[in-house]
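Beneath this line is the structure, given in structure tokens, with notes to follow.
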Amino acid sequence: MKYFWNIIFTILLFSCNNNLSDKKLTKQSQPKHYLTVLGTAQDGGYPHIGCQKICCANYYNGTNKRKSVVSLGLVDLENNQKWLFDATPDMHTQLAELEKNHLKNKKVIDGVFLTHAHIGHYTGLMYFGREALGKKNINIFAMPKMKKYLTKNGPWSQLISLENIKLQPLQHDSIIILNNKLTVTPFFVPHRDEFSETVGYKIKGSKKSALFIPDIDKWQKWKRNIIDEVKKVDYAFVDATFLNQKEVKRAMTEVPHPFIEETIKLFQNQTFTTKNKVIFIHFNHTNPVLQENSEVRTEIEKLGFRFASEGQNYGL
């Protein structure tokens with residue numbers, strides 16, 4: 001921890017003009033293609049079930065707002081299309097947010113891209129079933145093991161047999177062309193793959209591109225170099241589940257993630273511009289950076305790193 005705070009106070013803390021603004025865009029400045037943040041919390045959401053700690057008490061006493069489970073929306077105003085990244089337990093309200101504040105078209109969603117089979121990333125598919133929406137042939141993009149898992153196990157298999165959803169196959173590093181302006185590319189990342197493989201996504205528009213890696217075990221376990229990958233894009237939404245090793249009283253080997261402190265150390269010798277591309281997301285309820293006015297969050301932002309917040313838009 002001492003090393004972490006040395007980083008905070010010894011690196012230059014001045015900022016420069018930021019052309020990757022994460023402020024809400026006005027209708028006049030809003031690009032035709034963009035990502036919007038629909039959720040930032042870890043799978044269990046915020047407030048968290050069974051939590052009696054101050055972190056969740058801050059929601060119940062009105063200090064902090066509720067946080068939806070991590071998800072991105074991809075909006076194309078030019079072609080009147082919209083997609084979702086991950087089907088979270090909060091998907092019903094996230095789809096409503098997309099429709100109300102971004103784009104209303106003839107479809108509830110043009111497609112959903114799944115990352116893996118942990119509860120915060122696919123269980124929202126239940127809302128497409130006969131007990132809820134009950135529509136037909138909603139496109140669900142899934143990797144081979146994820147596709148097999150949904151096909152072989154109920155209640156998800158019923159969504160397929162009733163044709164509520166239509167599975168669209170994905171392959172590692174195979175580009176999906178959404179239209180003449182947007183592409184999506186899945187890539188493997190190491191994670192706890194009990195039921196499916198895990199992927200991140202590269203989302204590319206005509207002007208800018210983004211990485212979306214909400215879950216990964218550790219950066220050093222990945223076959224790719226995260227610094228190199230961040231430098232290739234304009235935005236990198238990356239796993240920031242925990243601040244450090246001491247955050248929760250359980251074996252961290254059971255739930256491995258790159259600590260924010262580890263990511264900061266990894267990028268310590270990179271330029272401010274490179275750090276500014278890193279946008280932390282997927283916060284556990286215990287993570288102090290989830291409290292938006294926390295001192296630790298402010299100090300990390302001074303280094304150049306950013307934090308995803310619901311309602312932020314990023315032009316592509």
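Numbering starts fresh at 1 for the residues of each chain in the structure tokens, the chains themselves are lettered A, B, ... in the order given, and ligands are numbered from 1 as they appear.
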**Request:** Mind checking which residues fall within 12 Å of A:Asp228, counting only C-alpha atoms, ignoring those fewer than 6 positions away in the same chain, and posting them as a list in words?
**Result:**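 My list of contacting residues is Leu211, Trp219, Ala236, Leu266, Phe267, Gln270, Thr274, Lys275 and Lys277 of chain A.
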Could you list, as a tab-separated table (two decimals) with C-alpha atoms, in the first residue's frame, every residue within 10 Å of stretch 173-189 of chain A, counting only C-alpha atoms and ignoring same-chain residues fewer than 2 positions away?
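What landed in around-v3.tsv:
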chain	number	residue	atom	x	y	z
A	32	LYS	CA	-23.70	9.18	-34.78
A	33	HIS	CA	-21.92	6.15	-33.32
A	34	TYR	CA	-21.03	5.83	-29.64
A	74	LEU	CA	-23.54	0.49	-28.60
A	75	VAL	CA	-25.67	3.02	-30.44
A	76	ASP	CA	-25.76	3.79	-34.17
A	78	GLU	CA	-27.12	6.76	-38.53
A	79	ASN	CA	-28.39	3.23	-39.19
A	81	GLN	CA	-29.44	0.26	-34.56
A	83	TRP	CA	-26.57	-3.44	-29.30
A	110	ASP	CA	-30.56	-5.51	-32.33
A	111	GLY	CA	-28.28	-7.94	-30.56
A	113	PHE	CA	-22.87	-9.81	-27.08
A	114	LEU	CA	-22.07	-12.12	-24.15
A	115	THR	CA	-18.66	-12.28	-22.46
A	141	PHE	CA	-23.81	-13.48	-29.92
A	142	ALA	CA	-21.95	-16.24	-28.08
A	143	MET	CA	-18.71	-18.20	-28.20
A	169	PRO	CA	-21.79	-17.87	-33.29
A	170	LEU	CA	-18.59	-16.06	-32.40
A	171	GLN	CA	-14.98	-17.12	-32.84
A	191	HIS	CA	-10.82	-16.22	-16.29
A	192	ARG	CA	-12.64	-18.80	-14.16
A	193	ASP	CA	-14.27	-20.70	-17.02
A	197	GLU	CA	-14.93	-19.51	-22.13
A	198	THR	CA	-14.44	-15.80	-21.36
A	199	VAL	CA	-13.91	-13.07	-23.92
A	200	GLY	CA	-13.29	-9.38	-24.12
A	201	TYR	CA	-14.30	-7.28	-27.12
A	202	LYS	CA	-12.74	-4.74	-29.44
A	203	ILE	CA	-15.42	-2.37	-30.67
A	204	LYS	CA	-14.44	-0.28	-33.66
A	205	GLY	CA	-16.16	2.67	-35.29
A	206	SER	CA	-15.18	4.82	-38.24
A	207	LYS	CA	-13.08	7.16	-36.08
A	209	SER	CA	-12.15	2.11	-31.06
A	210	ALA	CA	-12.55	0.62	-27.61
A	211	LEU	CA	-11.64	-2.44	-25.54
A	212	PHE	CA	-14.16	-4.00	-23.17
A	213	ILE	CA	-12.63	-6.41	-20.65
A	215	ASP	CA	-13.43	-9.76	-16.26
A	216	ILE	CA	-9.94	-11.24	-16.38
A	217	ASP	CA	-7.87	-13.13	-13.80
A	218	LYS	CA	-4.55	-11.26	-13.96
A	219	TRP	CA	-2.92	-9.25	-16.73
A	221	LYS	CA	-1.83	-14.52	-17.37
A	222	TRP	CA	-3.07	-13.06	-20.65
A	223	LYS	CA	-1.16	-13.97	-23.80
A	224	ARG	CA	-1.32	-10.36	-24.91
A	316	LEU	CA	-16.72	6.04	-32.06
**Neighbour list for A:Asp239 as a ChimeraX atom specification, cut-off 8 Å, only C-alpha atoms, skip fewer than 5 positions in-chain** = /A:213-216,257-258,280-283
**Prompt:** So how many Å separate atom CA of A:Gly73 and atom CA of A:Leu98, to one decimal?
**Reply:** 7.2 Å
**Prompt:** Got a sec to tell me which of stretch 76-285 of chain A DSSP assigns to strand (DSSP E or B), as a ChimeraX atom specification?
**Reply:** /A:76,81-85,112-113,138-142,165-169,176-177,183-188,199-204,209-213,235-239,278-281,283
Excluding same-chain residues fewer than 6 positions from stretch 131-138 of chain A, what lies within 9 Å of it counting only C-alpha atoms, as a PDB file with N, CA and C atoms, in the first residue's frame?
ATOM      1  N   LYS A 107     -37.005  -2.654 -32.694  1.00  0.00           N
ATOM      2  CA  LYS A 107     -36.550  -3.795 -31.910  1.00  0.00           C
ATOM      3  C   LYS A 107     -36.204  -3.362 -30.490  1.00  0.00           C
ATOM      4  N   VAL A 108     -36.431  -4.252 -29.534  1.00  0.00           N
ATOM      5  CA  VAL A 108     -36.011  -3.937 -28.176  1.00  0.00           C
ATOM      6  C   VAL A 108     -34.491  -3.839 -28.120  1.00  0.00           C
ATOM      7  N   ILE A 109     -33.798  -4.648 -28.951  1.00  0.00           N
ATOM      8  CA  ILE A 109     -32.360  -4.586 -29.101  1.00  0.00           C
ATOM      9  C   ILE A 109     -31.985  -5.329 -30.379  1.00  0.00           C
ATOM     10  N   ASP A 110     -30.973  -4.847 -31.095  1.00  0.00           N
ATOM     11  CA  ASP A 110     -30.560  -5.506 -32.330  1.00  0.00           C
ATOM     12  C   ASP A 110     -29.665  -6.711 -32.082  1.00  0.00           C
ATOM     13  N   GLY A 111     -29.102  -6.783 -30.903  1.00  0.00           N
ATOM     14  CA  GLY A 111     -28.275  -7.937 -30.564  1.00  0.00           C
ATOM     15  C   GLY A 111     -27.596  -7.746 -29.225  1.00  0.00           C
ATOM     16  N   VAL A 112     -27.245  -8.875 -28.589  1.00  0.00           N
ATOM     17  CA  VAL A 112     -26.550  -8.863 -27.302  1.00  0.00           C
ATOM     18  C   VAL A 112     -25.277  -9.693 -27.432  1.00  0.00           C
ATOM     19  N   LEU A 159     -35.491 -20.742 -24.043  1.00  0.00           N
ATOM     20  CA  LEU A 159     -35.455 -19.520 -24.848  1.00  0.00           C
ATOM     21  C   LEU A 159     -35.146 -19.845 -26.307  1.00  0.00           C
ATOM     22  N   ILE A 160     -34.324 -20.884 -26.494  1.00  0.00           N
ATOM     23  CA  ILE A 160     -33.955 -21.297 -27.849  1.00  0.00           C
ATOM     24  C   ILE A 160     -35.076 -22.094 -28.497  1.00  0.00           C
ATOM     25  N   LEU A 162     -38.220 -22.054 -27.885  1.00  0.00           N
ATOM     26  CA  LEU A 162     -39.377 -21.192 -28.161  1.00  0.00           C
ATOM     27  C   LEU A 162     -39.044 -20.054 -29.122  1.00  0.00           C
ATOM     28  N   GLU A 163     -37.790 -20.037 -29.563  1.00  0.00           N
ATOM     29  CA  GLU A 163     -37.291 -19.046 -30.519  1.00  0.00           C
ATOM     30  C   GLU A 163     -37.381 -17.618 -29.988  1.00  0.00           C
ATOM     31  N   ASN A 164     -37.300 -17.480 -28.665  1.00  0.00           N
ATOM     32  CA  ASN A 164     -37.199 -16.133 -28.098  1.00  0.00           C
ATOM     33  C   ASN A 164     -35.858 -15.502 -28.458  1.00  0.00           C
ATOM     34  N   ILE A 165     -34.815 -16.336 -28.452  1.00  0.00           N
ATOM     35  CA  ILE A 165     -33.485 -15.861 -28.829  1.00  0.00           C
ATOM     36  C   ILE A 165     -32.943 -16.699 -29.978  1.00  0.00           C
ATOM     37  N   LYS A 166     -32.066 -16.092 -30.739  1.00  0.00           N
ATOM     38  CA  LYS A 166     -31.411 -16.764 -31.861  1.00  0.00           C
ATOM     39  C   LYS A 166     -29.904 -16.632 -31.663  1.00  0.00           C
ATOM     40  N   LEU A 167     -29.241 -17.763 -31.432  1.00  0.00           N
ATOM     41  CA  LEU A 167     -27.814 -17.728 -31.149  1.00  0.00           C
ATOM     42  C   LEU A 167     -26.994 -17.465 -32.412  1.00  0.00           C
TER      43      LEU A 167
END
**Request:** Apply DSSP to the structure's backbone, then extract all residues of stretch 44-122 of chain A labelled alpha helix (DSSP H) and return them as an NGL selection string.
**Result:** :A and (54-60 or 91-101 or 119-122)
Would you give me, as JSON lines, each residue of stretch 33-98 of chain A having an atom within 9 Å of an atom of stretch 286-293 of chain A, along with its shortest atom pair and that distance in Å to one decimal, using only C-alpha atoms and sorting by chain and residue number?
{"residue": "A:Thr40", "atom": "CA", "partner": "A:Leu290", "partner_atom": "CA", "distance": 8.7}
{"residue": "A:Ala41", "atom": "CA", "partner": "A:Leu290", "partner_atom": "CA", "distance": 8.1}
{"residue": "A:Lys53", "atom": "CA", "partner": "A:Thr286", "partner_atom": "CA", "distance": 8.4}
{"residue": "A:Ile54", "atom": "CA", "partner": "A:Thr286", "partner_atom": "CA", "distance": 9.0}
{"residue": "A:Cys55", "atom": "CA", "partner": "A:Thr286", "partner_atom": "CA", "distance": 6.1}
{"residue": "A:Cys56", "atom": "CA", "partner": "A:Thr286", "partner_atom": "CA", "distance": 8.2}
{"residue": "A:Asn58", "atom": "CA", "partner": "A:Gln291", "partner_atom": "CA", "distance": 8.7}
{"residue": "A:Asn64", "atom": "CA", "partner": "A:Gln291", "partner_atom": "CA", "distance": 6.9}
{"residue": "A:Lys67", "atom": "CA", "partner": "A:Leu290", "partner_atom": "CA", "distance": 8.8}
With C-alpha atoms kept, could you save the residues just selected as a CSV table (one decimal), in the first residue's frame?
chain,number,residue,atom,x,y,z
A,40,THR,CA,-20.4,-0.3,-13.6
A,41,ALA,CA,-20.9,-2.8,-10.7
A,53,LYS,CA,-21.1,-2.5,5.8
A,54,ILE,CA,-20.8,1.2,5.4
A,55,CYS,CA,-20.2,0.9,1.7
A,56,CYS,CA,-23.8,-0.3,1.2
A,58,ASN,CA,-24.2,4.7,2.0
A,64,ASN,CA,-24.6,7.0,-2.7
A,67,LYS,CA,-25.2,1.0,-9.4
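Checking A:Val278, A:Val230, A:Ala117, A:Leu72 one by one against A:Tyr149, counting only C-alpha atoms, you find the shortest gap at A:Ala117.
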**Asked** In Å, with one decimal, what is the gap from atom CA of A:Tyr46 to atom CA of A:His285?
**Response**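 Calculated distance between atom CA of A:Tyr46 and atom CA of A:His285 is 5.7 Å.
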**Message:** Ranking A:Gly39, A:Pro31, A:Gly50, A:Gly45 by minimum distance to A:Gly311 and counting only C-alpha atoms, which one comes first?
**Reply:**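 The shortest atom-to-atom distance to A:Gly311 comes from A:Gly39.
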**Prompt:** Can you tell me, as a ChimeraX atom specification, what residues are no more than 10 Å from A:Pro155 when counting only C-alpha atoms, ignoring any on the same chain fewer than 6 positions away?
**Reply:** /A:125-126,129
**Interatomic distance, atom CA of A:Ser157 to atom CA of A:Gln42 (Å, one decimal)** =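 Atom CA of A:Ser157 sits 25.6 Å away from atom CA of A:Gln42.
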**Asked** A:Asn244, A:Arg66, A:Thr271, A:Tyr122: which is nearest A:Pro256, counting only C-alpha atoms?
**Response**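 Comparing A:Asn244, A:Arg66, A:Thr271, A:Tyr122 against A:Pro256, the winner is A:Asn244.
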**Request:** For each of A:Ala87, A:Ile260, A:Ile140, A:Ala308, take the minimum atom-to-atom distance to A:Thr36, counting only C-alpha atoms, then give the residue where this is smallest.
**Result:**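 The closest residue to A:Thr36 is A:Ala308.
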